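Undergrad: Dropping in my_file_14.json, with JSON, C-alpha atoms.
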[["chain", "number", "residue", "atom", "x", "y", "z"],
["A", 25, "MET", "CA", -5.94, 9.31, -13.96],
["A", 26, "THR", "CA", -4.22, 12.32, -15.35],
["A", 27, "ASP", "CA", -3.24, 13.21, -18.87],
["A", 28, "HIS", "CA", 0.37, 14.09, -19.32],
["A", 29, "THR", "CA", 2.45, 14.69, -22.35],
["A", 30, "GLY", "CA", 5.49, 12.52, -22.94],
["A", 31, "PRO", "CA", 8.45, 13.46, -25.10],
["A", 32, "THR", "CA", 6.87, 12.10, -28.30],
["A", 33, "ASP", "CA", 3.15, 11.55, -27.74],
["A", 34, "GLU", "CA", 0.38, 11.90, -25.22],
["A", 35, "LEU", "CA", 0.12, 9.18, -22.59],
["A", 36, "ILE", "CA", -2.43, 8.45, -19.92],
["A", 37, "ALA", "CA", -1.04, 6.99, -16.71],
["A", 38, "ASP", "CA", -2.88, 3.81, -15.72],
["A", 39, "VAL", "CA", -1.88, 1.96, -12.60],
["A", 40, "PHE", "CA", -3.55, -1.21, -13.92],
["A", 41, "ALA", "CA", -1.26, -1.26, -16.95],
["A", 42, "ARG", "CA", 1.69, -3.54, -16.37],
["A", 43, "GLY", "CA", 4.12, -1.27, -18.24],
["A", 44, "CYS", "CA", 3.07, 1.99, -16.60],
["A", 45, "THR", "CA", 5.55, 3.88, -14.43],
["A", 46, "SER", "CA", 2.75, 4.58, -11.94],
["A", 47, "ARG", "CA", 2.31, 0.84, -11.42],
["A", 48, "ALA", "CA", 6.05, 0.38, -10.92],
["A", 49, "ALA", "CA", 6.03, 3.21, -8.37],
["A", 50, "LEU", "CA", 2.98, 1.71, -6.67],
["A", 51, "GLU", "CA", 4.93, -1.53, -6.29],
["A", 52, "ASP", "CA", 7.75, 0.38, -4.57],
["A", 53, "VAL", "CA", 5.40, 2.31, -2.27],
["A", 54, "ALA", "CA", 3.14, -0.66, -1.63],
["A", 55, "GLY", "CA", 4.10, -3.52, 0.57],
["A", 56, "LYS", "CA", 4.22, -3.06, 4.27],
["A", 57, "TRP", "CA", 7.88, -1.97, 4.35],
["A", 58, "GLY", "CA", 7.44, 0.78, 1.78],
["A", 59, "LEU", "CA", 4.32, 2.07, 3.53],
["A", 60, "LEU", "CA", 5.84, 1.92, 7.02],
["A", 61, "ALA", "CA", 9.11, 3.54, 5.88],
["A", 62, "LEU", "CA", 7.18, 6.42, 4.27],
["A", 63, "LEU", "CA", 5.08, 6.80, 7.38],
["A", 64, "ALA", "CA", 8.18, 6.96, 9.59],
["A", 65, "LEU", "CA", 9.95, 9.45, 7.32],
["A", 66, "GLY", "CA", 6.80, 11.58, 7.48],
["A", 67, "GLU", "CA", 7.81, 12.14, 11.13],
["A", 68, "GLY", "CA", 11.17, 13.65, 10.11],
["A", 69, "ALA", "CA", 14.68, 12.73, 8.98],
["A", 70, "TYR", "CA", 16.04, 9.35, 10.02],
["A", 71, "ARG", "CA", 19.42, 7.69, 9.97],
["A", 72, "PHE", "CA", 19.34, 4.12, 8.68],
["A", 73, "ASN", "CA", 19.58, 2.33, 12.02],
["A", 74, "ALA", "CA", 17.07, 4.59, 13.75],
["A", 75, "LEU", "CA", 14.64, 4.03, 10.87],
["A", 76, "ARG", "CA", 15.18, 0.31, 11.15],
["A", 77, "ARG", "CA", 14.26, 0.45, 14.84],
["A", 78, "ARG", "CA", 11.14, 2.54, 14.06],
["A", 79, "VAL", "CA", 9.93, 0.13, 11.36],
["A", 80, "SER", "CA", 10.16, -2.78, 13.76],
["A", 81, "GLY", "CA", 10.51, -6.19, 12.19],
["A", 82, "VAL", "CA", 12.22, -5.12, 8.96],
["A", 83, "SER", "CA", 15.53, -6.75, 8.05],
["A", 84, "GLU", "CA", 18.54, -4.62, 7.12],
["A", 85, "LYS", "CA", 18.41, -5.97, 3.58],
["A", 86, "MET", "CA", 14.68, -5.33, 3.07],
["A", 87, "LEU", "CA", 14.88, -1.79, 4.44],
["A", 88, "SER", "CA", 17.91, -1.05, 2.28],
["A", 89, "GLN", "CA", 16.14, -2.33, -0.87],
["A", 90, "THR", "CA", 12.96, -0.43, 0.02],
["A", 91, "LEU", "CA", 14.82, 2.86, 0.51],
["A", 92, "GLN", "CA", 16.81, 2.40, -2.69],
["A", 93, "ALA", "CA", 13.62, 1.87, -4.72],
["A", 94, "LEU", "CA", 11.97, 4.93, -3.15],
["A", 95, "GLU", "CA", 15.11, 7.01, -3.77],
["A", 96, "ARG", "CA", 15.13, 5.97, -7.43],
["A", 97, "ASP", "CA", 11.47, 7.06, -7.75],
["A", 98, "GLY", "CA", 12.31, 10.48, -6.34],
["A", 99, "ILE", "CA", 10.22, 9.86, -3.21],
["A", 100, "VAL", "CA", 13.04, 9.54, -0.67],
["A", 101, "HIS", "CA", 16.20, 11.65, -0.52],
["A", 102, "ARG", "CA", 19.44, 10.09, 0.74],
["A", 103, "GLU", "CA", 22.08, 12.49, 1.97],
["A", 104, "VAL", "CA", 25.60, 11.83, 3.19],
["A", 105, "VAL", "CA", 26.20, 14.38, 5.94],
["A", 106, "THR", "CA", 29.87, 15.32, 6.16],
["A", 107, "ALA", "CA", 30.67, 15.06, 9.83],
["A", 108, "ILE", "CA", 33.01, 13.00, 11.95],
["A", 109, "PRO", "CA", 32.01, 10.24, 11.59],
["A", 110, "PRO", "CA", 30.05, 10.87, 8.36],
["A", 111, "ARG", "CA", 26.43, 9.81, 8.50],
["A", 112, "VAL", "CA", 23.67, 9.03, 6.02],
["A", 113, "GLU", "CA", 20.27, 10.62, 6.51],
["A", 114, "TYR", "CA", 17.02, 9.83, 4.78],
["A", 115, "THR", "CA", 14.29, 12.42, 4.24],
["A", 116, "LEU", "CA", 11.21, 12.74, 2.05],
["A", 117, "THR", "CA", 11.37, 14.74, -1.18],
["A", 118, "PRO", "CA", 8.50, 17.19, -1.92],
["A", 119, "LEU", "CA", 6.78, 14.35, -3.87],
["A", 120, "GLY", "CA", 7.51, 12.00, -0.97],
["A", 121, "ILE", "CA", 5.81, 14.37, 1.48],
["A", 122, "GLN", "CA", 2.65, 14.21, -0.67],
["A", 123, "VAL", "CA", 2.81, 10.41, -0.97],
["A", 124, "ALA", "CA", 3.44, 9.97, 2.76],
["A", 125, "ALA", "CA", 0.39, 12.14, 3.53],
["A", 126, "LYS", "CA", -1.82, 9.79, 1.47],
["A", 127, "VAL", "CA", -0.27, 6.78, 3.18],
["A", 128, "ARG", "CA", -0.97, 8.38, 6.56],
["A", 129, "ASP", "CA", -4.65, 8.87, 5.63],
["A", 130, "LEU", "CA", -4.91, 5.18, 4.76],
["A", 131, "VAL", "CA", -3.13, 4.06, 7.91],
["A", 132, "GLU", "CA", -5.20, 6.32, 10.19],
["A", 133, "LEU", "CA", -8.35, 4.82, 8.71],
["A", 134, "LEU", "CA", -7.08, 1.28, 9.36],
["A", 135, "GLU", "CA", -6.00, 2.21, 12.90],
["A", 136, "SER", "CA", -9.42, 3.67, 13.65],
["A", 137, "ALA", "CA", -11.10, 0.57, 12.17],
["A", 138, "VAL", "CA", -9.27, -1.89, 14.43],
["A", 139, "PRO", "CA", -12.35, -2.80, 16.51],
["A", 140, "GLU", "CA", -14.36, -3.42, 13.32],
["A", 141, "ILE", "CA", -11.56, -5.44, 11.70],
["A", 142, "ALA", "CA", -11.01, -7.49, 14.86],
["A", 143, "ALA", "CA", -14.75, -8.27, 15.01],
["A", 144, "ALA", "CA", -14.76, -9.30, 11.34],
["A", 145, "ARG", "CA", -11.79, -11.59, 11.94],
["A", 146, "ALA", "CA", -13.43, -13.21, 14.95],
["A", 147, "ALA", "CA", -16.66, -13.79, 12.99],
["A", 148, "TYR", "CA", -14.71, -15.16, 10.02],
["A", 149, "SER", "CA", -12.80, -17.69, 12.10],
["A", 150, "LYS", "CA", -16.08, -18.88, 13.65],
["A", 151, "GLY", "CA", -17.34, -19.45, 10.12],
["A", 152, "ASP", "CA", -20.14, -16.86, 10.24],
["B", 22, "MET", "CA", -3.91, 6.93, 15.97],
["B", 23, "THR", "CA", -7.23, 6.49, 17.65],
["B", 24, "ASP", "CA", -8.13, 5.38, 21.12],
["B", 25, "HIS", "CA", -10.50, 2.47, 21.29],
["B", 26, "THR", "CA", -11.66, 0.31, 24.10],
["B", 27, "GLY", "CA", -11.08, -3.41, 23.95],
["B", 28, "PRO", "CA", -13.03, -6.00, 25.90],
["B", 29, "THR", "CA", -10.79, -5.77, 28.96],
["B", 30, "ASP", "CA", -8.65, -2.65, 28.76],
["B", 31, "GLU", "CA", -7.96, 0.42, 26.69],
["B", 32, "LEU", "CA", -5.71, -0.03, 23.70],
["B", 33, "ILE", "CA", -4.19, 2.40, 21.24],
["B", 34, "ALA", "CA", -3.91, 1.12, 17.70],
["B", 35, "ASP", "CA", -0.36, 1.51, 16.36],
["B", 36, "VAL", "CA", 0.48, 0.35, 12.89],
["B", 37, "PHE", "CA", 4.19, 0.19, 13.82],
["B", 38, "ALA", "CA", 3.48, -2.38, 16.53],
["B", 39, "ARG", "CA", 4.05, -5.89, 15.25],
["B", 40, "GLY", "CA", 1.13, -7.35, 17.21],
["B", 41, "CYS", "CA", -1.43, -4.69, 16.28],
["B", 42, "THR", "CA", -4.48, -5.65, 14.22],
["B", 43, "SER", "CA", -4.05, -2.44, 12.19],
["B", 44, "ARG", "CA", -0.62, -3.62, 11.10],
["B", 45, "ALA", "CA", -2.00, -7.02, 10.13],
["B", 46, "ALA", "CA", -4.75, -5.30, 8.12],
["B", 47, "LEU", "CA", -2.19, -2.99, 6.51],
["B", 48, "GLU", "CA", -0.28, -6.07, 5.38],
["B", 49, "ASP", "CA", -3.46, -7.40, 3.71],
["B", 50, "VAL", "CA", -4.31, -4.08, 2.06],
["B", 51, "ALA", "CA", -0.72, -3.24, 1.15],
["B", 52, "GLY", "CA", 1.09, -5.05, -1.54],
["B", 53, "LYS", "CA", 0.27, -4.34, -5.12],
["B", 54, "TRP", "CA", -2.39, -7.04, -5.41],
["B", 55, "GLY", "CA", -4.35, -5.88, -2.38],
["B", 56, "LEU", "CA", -4.19, -2.27, -3.54],
["B", 57, "LEU", "CA", -5.13, -3.06, -7.14],
["B", 58, "ALA", "CA", -7.97, -5.42, -6.10],
["B", 59, "LEU", "CA", -9.42, -2.71, -3.83],
["B", 60, "LEU", "CA", -9.11, -0.15, -6.58],
["B", 61, "ALA", "CA", -10.92, -2.43, -9.06],
["B", 62, "LEU", "CA", -13.70, -3.27, -6.58],
["B", 63, "GLY", "CA", -14.11, 0.48, -6.06],
["B", 64, "GLU", "CA", -15.45, 0.48, -9.62],
["B", 65, "GLY", "CA", -18.23, -1.98, -8.71],
["B", 66, "ALA", "CA", -18.95, -5.69, -8.14],
["B", 67, "TYR", "CA", -16.71, -8.20, -9.88],
["B", 68, "ARG", "CA", -16.82, -11.92, -10.48],
["B", 69, "PHE", "CA", -13.53, -13.65, -9.83],
["B", 70, "ASN", "CA", -12.41, -14.08, -13.43],
["B", 71, "ALA", "CA", -13.40, -10.57, -14.46],
["B", 72, "LEU", "CA", -11.48, -9.19, -11.48],
["B", 73, "ARG", "CA", -8.49, -11.27, -12.46],
["B", 74, "ARG", "CA", -8.57, -9.75, -15.95],
["B", 75, "ARG", "CA", -8.88, -6.22, -14.50],
["B", 76, "VAL", "CA", -5.92, -6.71, -12.14],
["B", 77, "SER", "CA", -3.72, -7.77, -15.01],
["B", 78, "GLY", "CA", -0.71, -9.88, -14.11],
["B", 79, "VAL", "CA", -2.12, -11.47, -10.94],
["B", 80, "SER", "CA", -2.14, -15.26, -10.67],
["B", 81, "GLU", "CA", -5.31, -17.11, -9.70],
["B", 82, "LYS", "CA", -3.69, -18.21, -6.45],
["B", 83, "MET", "CA", -2.46, -14.74, -5.46],
["B", 84, "LEU", "CA", -5.81, -13.10, -6.21],
["B", 85, "SER", "CA", -7.63, -15.80, -4.29],
["B", 86, "GLN", "CA", -5.37, -15.37, -1.24],
["B", 87, "THR", "CA", -5.66, -11.58, -1.45],
["B", 88, "LEU", "CA", -9.47, -11.67, -1.56],
["B", 89, "GLN", "CA", -9.65, -14.16, 1.29],
["B", 90, "ALA", "CA", -7.48, -11.95, 3.53],
["B", 91, "LEU", "CA", -9.58, -8.87, 2.68],
["B", 92, "GLU", "CA", -12.80, -10.81, 3.31],
["B", 93, "ARG", "CA", -11.50, -11.91, 6.70],
["B", 94, "ASP", "CA", -10.72, -8.27, 7.60],
["B", 95, "GLY", "CA", -14.28, -7.24, 6.73],
["B", 96, "ILE", "CA", -13.08, -5.15, 3.77],
["B", 97, "VAL", "CA", -14.38, -7.32, 0.93],
["B", 98, "HIS", "CA", -17.72, -9.14, 0.81],
["B", 99, "ARG", "CA", -17.97, -12.46, -1.04],
["B", 100, "GLU", "CA", -21.45, -13.51, -2.11],
["B", 101, "VAL", "CA", -22.63, -16.68, -3.79],
["B", 102, "VAL", "CA", -25.45, -15.62, -6.12],
["B", 103, "THR", "CA", -28.00, -18.40, -6.56],
["B", 104, "ALA", "CA", -28.51, -18.59, -10.28],
["B", 105, "ILE", "CA", -27.99, -21.21, -12.94],
["B", 106, "PRO", "CA", -25.06, -21.59, -12.97],
["B", 107, "PRO", "CA", -24.39, -20.15, -9.48],
["B", 108, "ARG", "CA", -21.78, -17.40, -9.42],
["B", 109, "VAL", "CA", -19.58, -15.74, -6.84],
["B", 110, "GLU", "CA", -19.45, -11.97, -6.68],
["B", 111, "TYR", "CA", -17.05, -9.74, -4.78],
["B", 112, "THR", "CA", -18.00, -6.29, -3.52],
["B", 113, "LEU", "CA", -16.62, -3.82, -0.99],
["B", 114, "THR", "CA", -18.11, -3.63, 2.51],
["B", 115, "PRO", "CA", -18.85, -0.16, 3.95],
["B", 116, "LEU", "CA", -15.37, -0.24, 5.55],
["B", 117, "GLY", "CA", -13.94, -1.44, 2.22],
["B", 118, "ILE", "CA", -15.48, 1.55, 0.42],
["B", 119, "GLN", "CA", -13.66, 3.87, 2.83],
["B", 120, "VAL", "CA", -10.36, 1.99, 2.46],
["B", 121, "ALA", "CA", -10.66, 1.89, -1.34],
["B", 122, "ALA", "CA", -11.21, 5.67, -1.41],
["B", 123, "LYS", "CA", -7.92, 6.21, 0.45],
["B", 124, "VAL", "CA", -6.15, 3.80, -1.91],
["B", 125, "ARG", "CA", -7.60, 5.71, -4.87],
["B", 126, "ASP", "CA", -6.23, 9.00, -3.48],
["B", 127, "LEU", "CA", -2.77, 7.44, -3.24],
["B", 128, "VAL", "CA", -2.95, 5.92, -6.71],
["B", 129, "GLU", "CA", -4.19, 9.13, -8.34],
["B", 130, "LEU", "CA", -1.27, 10.98, -6.81],
["B", 131, "LEU", "CA", 1.19, 8.40, -8.19],
["B", 132, "GLU", "CA", -0.50, 8.48, -11.62],
["B", 133, "SER", "CA", -0.28, 12.26, -11.74],
["B", 134, "ALA", "CA", 3.38, 12.11, -10.65],
["B", 135, "VAL", "CA", 4.45, 9.80, -13.48],
["B", 136, "PRO", "CA", 6.47, 12.46, -15.36],
["B", 137, "GLU", "CA", 8.27, 13.39, -12.12],
["B", 138, "ILE", "CA", 8.92, 9.74, -11.18],
["B", 139, "ALA", "CA", 10.13, 8.90, -14.68],
["B", 140, "ALA", "CA", 12.54, 11.86, -14.58],
["B", 141, "ALA", "CA", 13.83, 10.78, -11.16],
["B", 142, "ARG", "CA", 14.40, 7.25, -12.46],
["B", 143, "ALA", "CA", 16.26, 8.49, -15.52],
["B", 144, "ALA", "CA", 18.49, 10.73, -13.36],
["B", 145, "TYR", "CA", 19.11, 7.90, -10.90],
["B", 146, "SER", "CA", 20.21, 5.46, -13.57],
["B", 147, "LYS", "CA", 22.60, 8.08, -14.96],
["B", 148, "GLY", "CA", 24.08, 8.32, -11.47],
["B", 149, "ASP", "CA", 23.08, 11.95, -10.83]]
The structure in this file should be written as structure tokens.
TA:
Amino acid sequence: MTDHTGPTDELIADVFARGCTSRAALEDVAGKWGLLALLALGEGAYRFNALRRRVSGVSEKMLSQTLQALERDGIVHREVVTAIPPRVEYTLTPLGIQVAAKVRDLVELLESAVPEIAAARAAYSKGD
Amino acid sequence: MTDHTGPTDELIADVFARGCTSRAALEDVAGKWGLLALLALGEGAYRFNALRRRVSGVSEKMLSQTLQALERDGIVHREVVTAIPPRVEYTLTPLGIQVAAKVRDLVELLESAVPEIAAARAAYSKGD
């Protein structure tokens, strides 16, 4: 938690508070599509269709909604590149680069824990 | 990404791969309820109803499903405490403590970025 001063009074951001902007942003970042899109954009700029192929399994509509929410939060930058034909590229903003780095830390931990998670799942389904 | 050896051959965990256990675990951890439940349990043990109050806005059903998925992944530990009346307590496993720490890093970044996110949202709605 960090103190920050709003236009009229001092506020403390609290992700547990339903009205807090940090919770709204967490909802945009969270969810597998937000996390996977951030992770992919951490690799570099993507055009929409290439990003959709990278984040395999996402529908056009879900990816479009996810990117729009992240753009609104100032995490993703959408740029129309004037070329023939014109193309739209998505990149991370400076804030997005920071967020994607935290997402990567989380994902790398989960990837490295796969044997442990798989063992827990096997034990759980046997009713241990 | 981390190499790990499975029972029969060598596998590389890849969160982008639809069949990978790390992606399945990411889906359980991701989502605002998974993230908020992990964050709350990072504060200490919780009984179900107290956890539900902490993660304000979650329904009984959603919290129950979230905890069950995290228990199955070996991230959350559910313990029936023999007392009168008996009670059920949720805690983080050693893996869960590591995962919750990464979630906390992400959330603290978003909390500290609230002024920036709020400004981006205001600019976006004005069509800048």
Undergrad: To one decimal in Å, tell me the separation between atom CA of Leu63 of chain A and atom CA of Ala124 of chain A.
TA: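 So the answer is 5.8 Å.
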Undergrad: Dump as a PyMOL selection string the residues of chain A that approach chain B to within 6 Å, counting all atoms listed in the file.
TA: chain A and resi 25-26+37+46+51+54-56+96-98+126+130+132+134-136+138+141+144-145+148
Undergrad: Include C-alpha atoms and write out the residues we just selected as a PDB file, in the coordinates of the input.
TA:
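Just written: selection.pdb:
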ATOM      1  CA  MET A  25      -5.940   9.310 -13.960  1.00  0.00           C
ATOM      2  CA  THR A  26      -4.220  12.320 -15.350  1.00  0.00           C
ATOM      3  CA  ALA A  37      -1.040   6.990 -16.710  1.00  0.00           C
ATOM      4  CA  SER A  46       2.750   4.580 -11.940  1.00  0.00           C
ATOM      5  CA  GLU A  51       4.930  -1.530  -6.290  1.00  0.00           C
ATOM      6  CA  ALA A  54       3.140  -0.660  -1.630  1.00  0.00           C
ATOM      7  CA  GLY A  55       4.100  -3.520   0.570  1.00  0.00           C
ATOM      8  CA  LYS A  56       4.220  -3.060   4.270  1.00  0.00           C
ATOM      9  CA  ARG A  96      15.130   5.970  -7.430  1.00  0.00           C
ATOM     10  CA  ASP A  97      11.470   7.060  -7.750  1.00  0.00           C
ATOM     11  CA  GLY A  98      12.310  10.480  -6.340  1.00  0.00           C
ATOM     12  CA  LYS A 126      -1.820   9.790   1.470  1.00  0.00           C
ATOM     13  CA  LEU A 130      -4.910   5.180   4.760  1.00  0.00           C
ATOM     14  CA  GLU A 132      -5.200   6.320  10.190  1.00  0.00           C
ATOM     15  CA  LEU A 134      -7.080   1.280   9.360  1.00  0.00           C
ATOM     16  CA  GLU A 135      -6.000   2.210  12.900  1.00  0.00           C
ATOM     17  CA  SER A 136      -9.420   3.670  13.650  1.00  0.00           C
ATOM     18  CA  VAL A 138      -9.270  -1.890  14.430  1.00  0.00           C
ATOM     19  CA  ILE A 141     -11.560  -5.440  11.700  1.00  0.00           C
ATOM     20  CA  ALA A 144     -14.760  -9.300  11.340  1.00  0.00           C
ATOM     21  CA  ARG A 145     -11.790 -11.590  11.940  1.00  0.00           C
ATOM     22  CA  TYR A 148     -14.710 -15.160  10.020  1.00  0.00           C
TER      23      TYR A 148
END
Undergrad: One number please: atom CA of Glu64 of chain B to atom CA of Gly43 of chain A, in Å, one decimal.
TA: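 Result for atom CA of Glu64 of chain B versus atom CA of Gly43 of chain A: 21.5 Å, one decimal.
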Undergrad: Within 8 Å of (13.3, 17.8, -1.4), all atoms listed in the file: residues as a PyMOL selection string?
TA: chain A and resi 101+115-119
Undergrad: Could you work out how far atom CA of Pro109 of chain A lies from atom CA of Leu65 of chain A, giving the answer in Å with one decimal?
TA: 22.5 Å
Undergrad: Taking into account only C-alpha atoms, which residue in the set A:Arg71, A:Val82, A:Lys150, A:Ser88 is nearest to Pro110 of chain A?
TA: A:Arg71
Undergrad: Using all atoms listed in the file, find all polymer residues with an atom at most 9 Å away from the point (-18.9, -8.1, -8.1); report them as a list in words.
TA: Leu62, Gly65, Ala66, Tyr67, Arg68, Phe69, Ala71, Leu72, Arg99, Glu100, Val109, Glu110, Tyr111, Thr112 and Leu113 of chain B
